[in-house]
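upload.tsv (TSV, C-alpha atoms and all ligand atoms)
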```
chain	number	residue	atom	x	y	z
X	1	MET	CA	90.68	49.26	104.27
X	2	LEU	CA	94.08	49.05	102.60
X	3	TYR	CA	96.85	51.12	104.19
X	4	THR	CA	100.38	51.90	103.09
X	5	VAL	CA	102.98	53.17	105.56
X	6	THR	CA	106.03	54.95	104.10
X	7	LEU	CA	108.51	56.39	106.59
X	8	ASN	CA	110.74	58.20	104.10
X	9	PRO	CA	108.73	59.03	100.97
X	10	ALA	CA	110.04	61.25	98.19
X	11	VAL	CA	109.18	63.45	95.29
X	12	ASP	CA	110.94	62.19	92.19
X	13	LYS	CA	112.13	64.95	89.87
X	14	VAL	CA	112.71	63.54	86.42
X	15	ILE	CA	114.92	65.72	84.22
X	16	GLU	CA	115.08	64.91	80.54
X	17	ILE	CA	118.27	66.21	78.92
X	18	ALA	CA	118.34	67.15	75.24
X	19	GLY	CA	121.09	65.08	73.61
X	20	ILE	CA	123.70	63.21	75.63
X	21	LEU	CA	124.58	64.26	79.19
X	22	GLU	CA	128.18	65.49	79.27
X	23	ARG	CA	130.54	66.74	81.97
X	24	GLU	CA	131.78	70.33	81.77
X	25	GLN	CA	129.18	71.23	79.17
X	26	ASN	CA	125.94	73.14	79.36
X	27	ASN	CA	123.39	70.31	79.28
X	28	LYS	CA	120.04	71.69	78.17
X	29	ILE	CA	116.85	70.45	79.78
X	30	LYS	CA	114.11	69.25	77.43
X	31	LYS	CA	111.47	68.51	80.02
X	32	VAL	CA	111.03	68.24	83.79
X	33	LEU	CA	108.35	66.20	85.45
X	34	TYR	CA	107.52	65.22	89.02
X	35	ASP	CA	106.47	61.78	90.17
X	36	ILE	CA	105.47	59.96	93.34
X	37	GLY	CA	108.49	58.53	95.21
X	38	GLY	CA	108.80	56.11	98.11
X	39	LYS	CA	108.03	52.41	98.12
X	40	GLY	CA	104.72	52.41	100.00
X	41	CYS	CA	103.48	55.35	97.93
X	42	HIS	CA	104.10	53.31	94.77
X	43	VAL	CA	102.07	50.45	96.27
X	44	SER	CA	99.19	52.91	96.83
X	45	THR	CA	99.12	53.71	93.10
X	46	VAL	CA	98.21	50.08	92.34
X	47	PHE	CA	95.31	50.14	94.82
X	48	SER	CA	93.88	53.35	93.41
X	49	ALA	CA	94.33	52.27	89.78
X	50	LEU	CA	92.14	49.25	90.65
X	51	GLY	CA	89.59	51.46	92.40
X	52	LEU	CA	90.25	49.90	95.84
X	53	PRO	CA	89.71	52.04	98.95
X	54	ASN	CA	93.07	52.95	100.45
X	55	ILE	CA	94.88	55.38	102.73
X	56	ALA	CA	98.56	56.36	102.59
X	57	THR	CA	100.33	57.35	105.79
X	58	GLY	CA	103.87	57.85	107.12
X	59	PHE	CA	105.91	61.04	107.45
X	60	ILE	CA	105.99	64.06	105.15
X	61	GLY	CA	107.19	67.64	105.57
X	62	GLY	CA	107.53	71.03	103.94
X	63	VAL	CA	106.79	72.07	100.37
X	64	ASN	CA	107.88	68.73	98.96
X	65	GLY	CA	105.44	67.03	101.31
X	66	ILE	CA	102.64	69.20	99.88
X	67	LYS	CA	103.83	68.39	96.34
X	68	LEU	CA	103.83	64.64	97.09
X	69	VAL	CA	100.29	64.75	98.44
X	70	GLU	CA	99.17	66.67	95.33
X	71	LEU	CA	100.73	64.04	93.07
X	72	MET	CA	99.09	61.24	95.06
X	73	GLU	CA	95.68	62.92	95.18
X	74	GLU	CA	95.81	63.34	91.39
X	75	LYS	CA	95.82	59.53	91.36
X	76	ASN	CA	92.91	59.32	93.84
X	77	ILE	CA	95.03	58.14	96.75
X	78	LYS	CA	93.72	59.31	100.12
X	79	CYS	CA	96.62	60.81	102.10
X	80	GLU	CA	96.78	60.92	105.89
X	81	PHE	CA	100.48	61.55	106.50
X	82	ILE	CA	101.96	62.95	109.71
X	83	ASN	CA	103.41	66.35	108.88
X	84	VAL	CA	106.85	66.74	110.50
X	85	GLU	CA	107.51	70.41	111.25
X	86	ASN	CA	110.74	72.01	110.04
X	87	THR	CA	111.52	69.20	107.62
X	88	ASN	CA	111.15	68.82	103.89
X	89	THR	CA	110.28	65.52	102.21
X	90	ARG	CA	113.32	64.42	100.22
X	91	GLU	CA	113.64	64.95	96.51
X	92	CYS	CA	115.17	62.31	94.27
X	93	THR	CA	116.57	63.48	90.97
X	94	ILE	CA	116.50	61.22	87.95
X	95	LEU	CA	118.51	62.33	84.93
X	96	VAL	CA	117.71	60.82	81.56
X	97	ASP	CA	119.40	61.70	78.31
X	98	GLU	CA	118.96	60.46	74.74
X	99	SER	CA	121.75	57.85	74.89
X	100	ASN	CA	119.39	54.97	75.70
X	101	LEU	CA	121.96	53.84	78.27
X	102	GLY	CA	119.71	54.18	81.31
X	103	SER	CA	119.22	56.99	83.80
X	104	TYR	CA	121.22	58.52	86.66
X	105	MET	CA	119.50	58.57	90.03
X	106	VAL	CA	120.64	60.98	92.74
X	107	THR	CA	118.84	60.64	96.06
X	108	GLU	CA	118.67	62.67	99.27
X	109	ALA	CA	118.87	60.81	102.59
X	110	GLY	CA	115.67	62.29	104.02
X	111	GLU	CA	115.19	63.91	107.42
X	112	LEU	CA	114.41	62.18	110.69
X	113	PRO	CA	111.01	62.71	112.28
X	114	ASP	CA	111.04	64.26	115.77
X	115	ASN	CA	109.68	62.29	118.74
X	116	ARG	CA	106.36	64.12	118.69
X	117	SER	CA	105.71	63.09	115.07
X	118	TYR	CA	106.91	59.56	115.77
X	119	ASN	CA	104.41	59.24	118.62
X	120	LYS	CA	101.67	60.74	116.46
X	121	LEU	CA	102.19	57.99	113.90
X	122	LEU	CA	102.00	55.30	116.60
X	123	GLU	CA	98.79	56.88	117.94
X	124	LYS	CA	97.29	57.08	114.46
X	125	ILE	CA	98.01	53.39	113.87
X	126	GLN	CA	96.44	52.40	117.20
X	127	ARG	CA	93.41	54.60	116.62
X	128	ASP	CA	92.62	53.93	112.94
X	129	ILE	CA	93.88	50.53	111.83
X	130	LYS	CA	91.53	47.65	112.53
X	131	LYS	CA	92.09	43.90	112.50
X	132	GLU	CA	90.27	43.44	109.18
X	133	ASP	CA	92.62	45.93	107.47
X	134	ILE	CA	95.67	45.17	105.34
X	135	VAL	CA	98.87	47.19	105.64
X	136	ALA	CA	101.82	47.55	103.28
X	137	PHE	CA	104.84	48.62	105.32
X	138	SER	CA	107.38	49.40	102.63
X	139	GLY	CA	110.80	50.93	102.33
X	140	SER	CA	113.53	52.01	104.71
X	141	PRO	CA	113.26	54.97	107.08
X	142	ALA	CA	115.55	58.01	106.79
X	143	ALA	CA	119.22	57.30	107.57
X	144	GLY	CA	119.82	57.23	111.33
X	145	PHE	CA	116.33	56.00	112.26
X	146	SER	CA	116.99	53.13	114.66
X	147	ALA	CA	115.91	49.56	114.02
X	148	GLU	CA	114.29	49.65	117.52
X	149	LYS	CA	111.99	52.49	116.49
X	150	TYR	CA	111.25	50.77	113.19
X	151	CYS	CA	110.31	47.59	115.08
X	152	GLU	CA	108.17	49.59	117.50
X	153	ILE	CA	106.11	50.81	114.53
X	154	LEU	CA	105.89	47.26	113.19
X	155	LYS	CA	104.85	45.95	116.62
X	156	THR	CA	102.16	48.64	116.86
X	157	LEU	CA	100.92	47.66	113.40
X	158	LYS	CA	100.87	43.97	114.36
X	159	ASN	CA	99.01	44.67	117.60
X	160	THR	CA	96.10	46.10	115.62
X	161	GLY	CA	95.56	42.56	114.31
X	162	ALA	CA	95.81	43.75	110.69
X	163	LYS	CA	97.72	41.65	108.11
X	164	ILE	CA	101.17	43.16	107.55
X	165	PHE	CA	102.84	42.95	104.12
X	166	LEU	CA	106.44	44.03	104.60
X	167	ASP	CA	109.02	45.15	102.05
X	168	ALA	CA	112.26	46.05	103.82
X	169	ARG	CA	115.96	45.38	103.59
X	170	ASP	CA	119.16	45.10	105.62
X	171	GLU	CA	118.89	45.44	109.41
X	172	TYR	CA	115.21	46.43	109.20
X	173	LEU	CA	114.27	43.21	107.41
X	174	LYS	CA	116.42	41.11	109.78
X	175	GLU	CA	114.79	42.58	112.86
X	176	ALA	CA	111.31	42.52	111.33
X	177	ILE	CA	111.45	38.76	110.70
X	178	ASN	CA	111.34	38.13	114.47
X	179	LEU	CA	108.04	40.00	114.62
X	180	GLU	CA	106.58	37.62	112.03
X	181	PRO	CA	104.89	39.81	109.44
X	182	PHE	CA	102.31	38.02	107.25
X	183	PHE	CA	104.28	38.58	104.03
X	184	ILE	CA	107.80	39.58	103.01
X	185	LYS	CA	109.19	40.27	99.54
X	186	PRO	CA	112.94	40.57	99.48
X	187	ASN	CA	114.60	40.64	96.06
X	188	LYS	CA	117.39	38.18	95.29
X	189	HIS	CA	120.14	40.35	96.86
X	190	GLU	CA	118.11	41.29	99.92
X	191	PHE	CA	117.22	37.62	100.49
X	192	GLN	CA	120.81	36.40	100.26
X	193	GLU	CA	121.85	39.12	102.67
X	194	LEU	CA	119.11	38.08	105.06
X	195	ILE	CA	120.13	34.42	104.93
X	196	GLY	CA	123.79	35.37	105.13
X	197	LYS	CA	125.04	33.27	102.22
X	198	LYS	CA	125.08	33.14	98.47
X	199	LEU	CA	122.34	30.98	96.99
X	200	GLU	CA	123.14	29.45	93.62
X	201	ARG	CA	120.39	27.04	92.67
X	202	THR	CA	116.62	27.38	92.69
X	203	GLU	CA	116.53	24.48	95.21
X	204	ASP	CA	118.64	26.54	97.63
X	205	PHE	CA	116.13	29.38	97.47
X	206	ILE	CA	113.24	26.94	97.95
X	207	GLU	CA	114.88	25.38	101.01
X	208	GLU	CA	115.43	28.75	102.69
X	209	ILE	CA	111.93	29.94	101.79
X	210	ARG	CA	110.42	26.81	103.35
X	211	LYS	CA	112.34	27.46	106.58
X	212	LEU	CA	111.03	31.03	106.78
X	213	ASN	CA	107.51	29.79	106.05
X	214	GLU	CA	107.47	28.23	109.52
X	215	LYS	CA	107.09	31.77	110.86
X	216	ILE	CA	105.92	33.83	107.91
X	217	GLU	CA	102.78	32.98	105.96
X	218	ILE	CA	103.96	34.19	102.53
X	219	VAL	CA	107.63	34.53	101.56
X	220	ALA	CA	108.11	35.84	98.03
X	221	VAL	CA	111.61	36.29	96.63
X	222	SER	CA	111.67	38.39	93.48
X	223	LEU	CA	114.24	37.67	90.79
X	224	GLY	CA	113.84	40.57	88.34
X	225	ASP	CA	113.10	39.32	84.82
X	226	GLY	CA	113.40	35.77	86.24
X	227	GLY	CA	110.07	36.31	88.04
X	228	SER	CA	109.65	35.12	91.60
X	229	ILE	CA	109.61	32.13	93.93
X	230	ALA	CA	106.91	32.24	96.56
X	231	GLY	CA	106.39	29.94	99.51
X	232	ILE	CA	102.95	29.79	101.09
X	233	LYS	CA	102.72	28.22	104.54
X	234	GLY	CA	100.83	24.94	104.30
X	235	LYS	CA	100.50	25.13	100.51
X	236	GLY	CA	104.06	24.76	99.20
X	237	VAL	CA	106.41	26.69	96.97
X	238	TYR	CA	105.63	28.08	93.51
X	239	GLY	CA	107.60	29.77	90.74
X	240	PHE	CA	106.06	32.58	88.67
X	241	ILE	CA	107.75	33.48	85.41
X	242	PRO	CA	106.79	36.63	83.51
X	243	PRO	CA	106.53	36.83	79.73
X	244	LYS	CA	109.44	38.45	77.86
X	245	VAL	CA	108.76	42.16	77.56
X	246	GLU	CA	110.53	45.17	76.09
X	247	VAL	CA	112.15	46.73	79.15
X	248	LEU	CA	112.33	50.48	79.67
X	249	SER	CA	113.04	50.57	83.42
X	250	GLU	CA	112.90	47.91	86.13
X	251	THR	CA	113.00	50.49	88.94
X	252	GLY	CA	109.83	50.14	90.98
X	253	CYS	CA	108.90	46.67	89.67
X	254	GLY	CA	109.13	45.31	93.22
X	255	ASP	CA	106.71	47.90	94.59
X	256	ILE	CA	104.17	47.29	91.83
X	257	PHE	CA	104.54	43.54	92.39
X	258	VAL	CA	103.76	44.03	96.12
X	259	GLY	CA	100.77	46.23	95.20
X	260	GLY	CA	99.63	43.49	92.83
X	261	VAL	CA	99.86	40.78	95.50
X	262	ILE	CA	98.05	42.80	98.17
X	263	SER	CA	95.25	43.98	95.88
X	264	GLN	CA	94.43	40.43	94.77
X	265	TYR	CA	94.71	39.09	98.32
X	266	TYR	CA	92.24	41.80	99.36
X	267	LEU	CA	89.94	40.66	96.52
X	268	LYS	CA	90.16	37.12	97.97
X	269	LYS	CA	91.74	35.55	94.87
X	270	ASP	CA	93.55	32.22	95.18
X	271	ILE	CA	97.34	32.02	95.41
X	272	GLU	CA	97.96	31.29	91.74
X	273	GLU	CA	95.72	34.17	90.65
X	274	ILE	CA	97.30	36.54	93.17
X	275	PHE	CA	100.82	35.93	91.89
X	276	ARG	CA	99.79	35.68	88.24
X	277	PHE	CA	98.38	39.19	88.53
X	278	ALA	CA	101.38	40.55	90.47
X	279	THR	CA	103.73	39.08	87.87
X	280	ALA	CA	101.75	40.54	84.97
X	281	ILE	CA	101.38	44.04	86.44
X	282	SER	CA	105.06	44.27	87.41
X	283	ALA	CA	106.04	43.11	83.90
X	284	SER	CA	103.89	45.95	82.57
X	285	LYS	CA	105.73	48.35	84.89
X	286	ALA	CA	109.06	47.19	83.38
X	287	THR	CA	107.90	48.47	79.97
X	288	HIS	CA	107.29	51.98	81.41
X	289	PHE	CA	109.87	54.53	82.43
X	290	LEU	CA	108.42	56.00	85.66
X	291	SER	CA	108.61	54.00	88.91
X	292	SER	CA	104.86	53.67	89.36
X	293	ASP	CA	103.77	53.62	85.74
X	294	PHE	CA	101.99	50.51	84.46
X	295	SER	CA	98.97	49.68	82.33
X	296	LEU	CA	96.03	47.55	83.42
X	297	GLU	CA	95.23	46.78	79.79
X	298	GLN	CA	98.74	45.43	79.26
X	299	THR	CA	98.45	43.52	82.56
X	300	SER	CA	95.34	41.70	81.26
X	301	LYS	CA	97.18	40.82	78.04
X	302	TYR	CA	100.14	39.38	79.96
X	303	LEU	CA	98.06	37.32	82.44
X	304	PRO	CA	97.73	34.16	80.30
X	305	TYR	CA	101.46	34.21	79.52
X	306	VAL	CA	102.64	34.01	83.14
X	307	GLU	CA	104.15	30.58	83.66
X	308	ILE	CA	103.44	28.88	86.99
X	309	ILE	CA	105.59	26.09	88.42
X	310	LYS	CA	104.61	24.09	91.49
X	311	TYR	CA	107.67	22.78	93.28
X	312	LYS	CA	107.48	19.47	95.15
T	1	LIG	P1	112.36	47.71	93.19
T	1	LIG	O1	112.95	47.65	94.57
T	1	LIG	O2	113.12	48.56	92.23
T	1	LIG	O3	110.92	48.04	93.19
T	1	LIG	P2	112.94	44.85	93.27
T	1	LIG	O4	114.42	44.64	93.06
T	1	LIG	O5	112.42	44.81	94.65
T	1	LIG	O6	112.49	46.22	92.57
T	1	LIG	P3	112.49	42.91	91.15
T	1	LIG	O7	112.93	41.56	91.57
T	1	LIG	O8	113.39	43.66	90.22
T	1	LIG	O9	112.12	43.76	92.43
T	1	LIG	O10	111.08	42.83	90.41
T	1	LIG	C1	109.87	42.46	91.02
T	1	LIG	C2	109.03	41.63	90.05
T	1	LIG	O11	108.78	42.40	88.85
T	1	LIG	C3	109.72	40.37	89.55
T	1	LIG	O12	109.48	39.30	90.47
T	1	LIG	C4	109.09	40.15	88.19
T	1	LIG	O13	107.86	39.43	88.34
T	1	LIG	C5	108.79	41.57	87.71
T	1	LIG	N1	109.87	42.04	86.79
T	1	LIG	C6	110.98	42.72	87.13
T	1	LIG	N2	111.76	42.94	86.04
T	1	LIG	C7	111.09	42.41	84.99
T	1	LIG	C8	111.36	42.28	83.57
T	1	LIG	N3	112.47	42.76	83.03
T	1	LIG	N4	110.45	41.66	82.81
T	1	LIG	C9	109.32	41.16	83.33
T	1	LIG	N5	109.01	41.23	84.65
T	1	LIG	C10	109.88	41.83	85.48
T	2	MG	MG	112.45	46.22	96.20
```
Go through the file and emit its structure as structure tokens.
Amino acid sequence: MLYTVTLNPAVDKVIEIAGILEREQNNKIKKVLYDIGGKGCHVSTVFSALGLPNIATGFIGGVNGIKLVELMEEKNIKCEFINVENTNTRECTILVDESNLGSYMVTEAGELPDNRSYNKLLEKIQRDIKKEDIVAFSGSPAAGFSAEKYCEILKTLKNTGAKIFLDARDEYLKEAINLEPFFIKPNKHEFQELIGKKLERTEDFIEEIRKLNEKIEIVAVSLGDGGSIAGIKGKGVYGFIPPKVEVLSETGCGDIFVGGVISQYYLKKDIEEIFRFATAISASKATHFLSSDFSLEQTSKYLPYVEIIKYK
């Protein structure tokens, strides 16, 4: 079974403004739509689009929690979240106007789960997740959630024996490294922050990736439209370059990339095929506006155009 764990998911409210958004004016709304928010939840959309069995868990609450589950179930994602009483899943507002200058994103911090809900999640992990399962543990918790608690969840996940694919940043990523997840995918900024210095040349990235590979099986650093560099323990370091595409929004590309990697790993594809697919599906995401919107047809078209480099 494929699992995703999202500690601070969201409902994205996308507001389309007629004309150009202006201060101190009445800006008329053309259309409002709701979308799945939260990194792990985006990963789940890739699994379900490919028809792979998967379960999404983490914390939800209130009417927004119900709304999120509805949105996910519409996409055939099985939801088994812990419902945190007296909280409401956060809402992220995305404002788009007709200027073609990109969108505004306004996000809520999210509410902390109480101890009872926290323990329920740990119990659920211990009870349900088996060593043959694969888990995507993606995104940061709500502000104020300690790195100790975050690591406790990661430790509990690791103790199940399942393979852990982690997408985190800042203190959470730093602490998580010591627990040796199977896979990490920092983007360029997150990676440089983790290493604690600016990396200029591709060789600098490769060197740092190789060092991390001593502990972590797969280290993939994503570079936006520059693709990714991935080090695989015992196999070496590769570069994956996407084809040039017409970009609408790069938000969420990382999540779809992670979903692409995990799905192909689950299907037992080889390393080059795994990353070729992840690169193609995340390039397809870049041509769509919503964070978890991509096309499998487009992905198939892009596959042969992904360039693969094997570094010495
Ligand atoms: P997010 O956190 O918003 O999901 P990220 O910053 O973690 O994104 P990126 O490095 O932006 O992740 O993108 C992940 C992958 O998506 C890249 O490695 C690349 O393969 C693909 N990608 C991103 N932007 C583009 C683009 N403009 N054209 C083609 N592919 C892209
Ligand atoms: Mg990311």
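If you measure from each of X:Thr57, X:Phe240, X:Arg210, X:Asp204 to Ile129 in chain X using all atoms listed in the file, the closest one turns out to be X:Thr57.
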For Gly102 in chain X, list every protein, DNA or RNA residue within 10 Å, evaluated using all atoms listed in the file, and leave out those in the same chain fewer than 6 positions away; present the list as a PDB file with C-alpha atoms, in the coordinates of the input.
```pdb
ATOM      1  CA  LEU X  95     118.510  62.330  84.930  1.00  0.00           C
ATOM      2  CA  VAL X  96     117.710  60.820  81.560  1.00  0.00           C
ATOM      3  CA  LEU X 248     112.330  50.480  79.670  1.00  0.00           C
ATOM      4  CA  SER X 249     113.040  50.570  83.420  1.00  0.00           C
ATOM      5  CA  PHE X 289     109.870  54.530  82.430  1.00  0.00           C
TER       6      PHE X 289
END
```
All file atoms of ligand LIG 1 (chain T) boxed axis-aligned, 5 Å per side, centre plus edges, as AutoDock Vina command-line options:
```
--center_x 111.1 --center_y 43.9 --center_z 88.7 --size_x 16.6 --size_y 19.3 --size_z 21.8
```
Quick one: pull the distance between CA of Ile229 in chain X and CA of Ile241 in chain X, Å, one decimal.
-> 8.8 Å
Can you pull out every residue within 9 Å of Glu250 in chain X, counting only C-alpha atoms, but drop anything in the same chain fewer than 6 positions away, and send it as JSON, numbers by chain?
-> {"X": [224, 225, 282, 283, 285, 286, 287, 288, 289, 291]}
Mind listing the residues within 7 Å of ligand LIG 1 (chain T), all atoms listed in the file counted, as a PyMOL selection string?
-> chain X and resi 186-188+222-228+241-245+247+250-257+278-279+282-283+286
Distance criterion (all atoms listed in the file): nearest to Glu111 in chain X out of X:Glu132, X:Glu85, X:Asp97, X:Glu152 | X:Glu85
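Across X:Cys79, X:Val69, X:Ile94, X:Val84, the tightest approach to Glu16 in chain X is made by X:Ile94 when counting all atoms listed in the file.
Excluding range 259-262 of chain X itself and same-chain residues fewer than 3 positions from it, the residues having an atom within 9 Å of it are Leu2, Gly40, His42, Val43, Ser44, Thr45, Val46, Phe47, Ile134, Val135, Ala136, Phe165, Gly254, Asp255, Ile256, Tyr265, Tyr266, Leu267, Ile274, Phe275, Arg276, Phe277, Ala278, Thr279, Ala280, Ile281 and Ser282 of chain X, counting all atoms listed in the file.
When only C-alpha atoms are used to compute distances to Met105 in chain X, the closest of the residues X:Ile216, X:Ile184, X:Val237, X:Val14 turns out to be X:Val14.
With all atoms listed in the file as the basis for measurement, X:Asp167 is the residue among X:Glu70, X:Asp167, X:Glu203, X:Glu123 that approaches ligand MG 2 (chain T) most closely.
Using only C-alpha atoms and all ligand atoms, the nearest neighbour of ligand MG 2 (chain T) within the list X:Ile177, X:Leu303, X:Ala168, X:Leu290 is X:Ala168.
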Please check which residues have atoms at most 6 Å from (114.2, 60.0, 102.6) in the file's coordinates, counting all atoms listed in the file, and write them as a list in words.
-> Asn8, Pro9, Arg90, Ala109, Gly110 and Ala142 of chain X
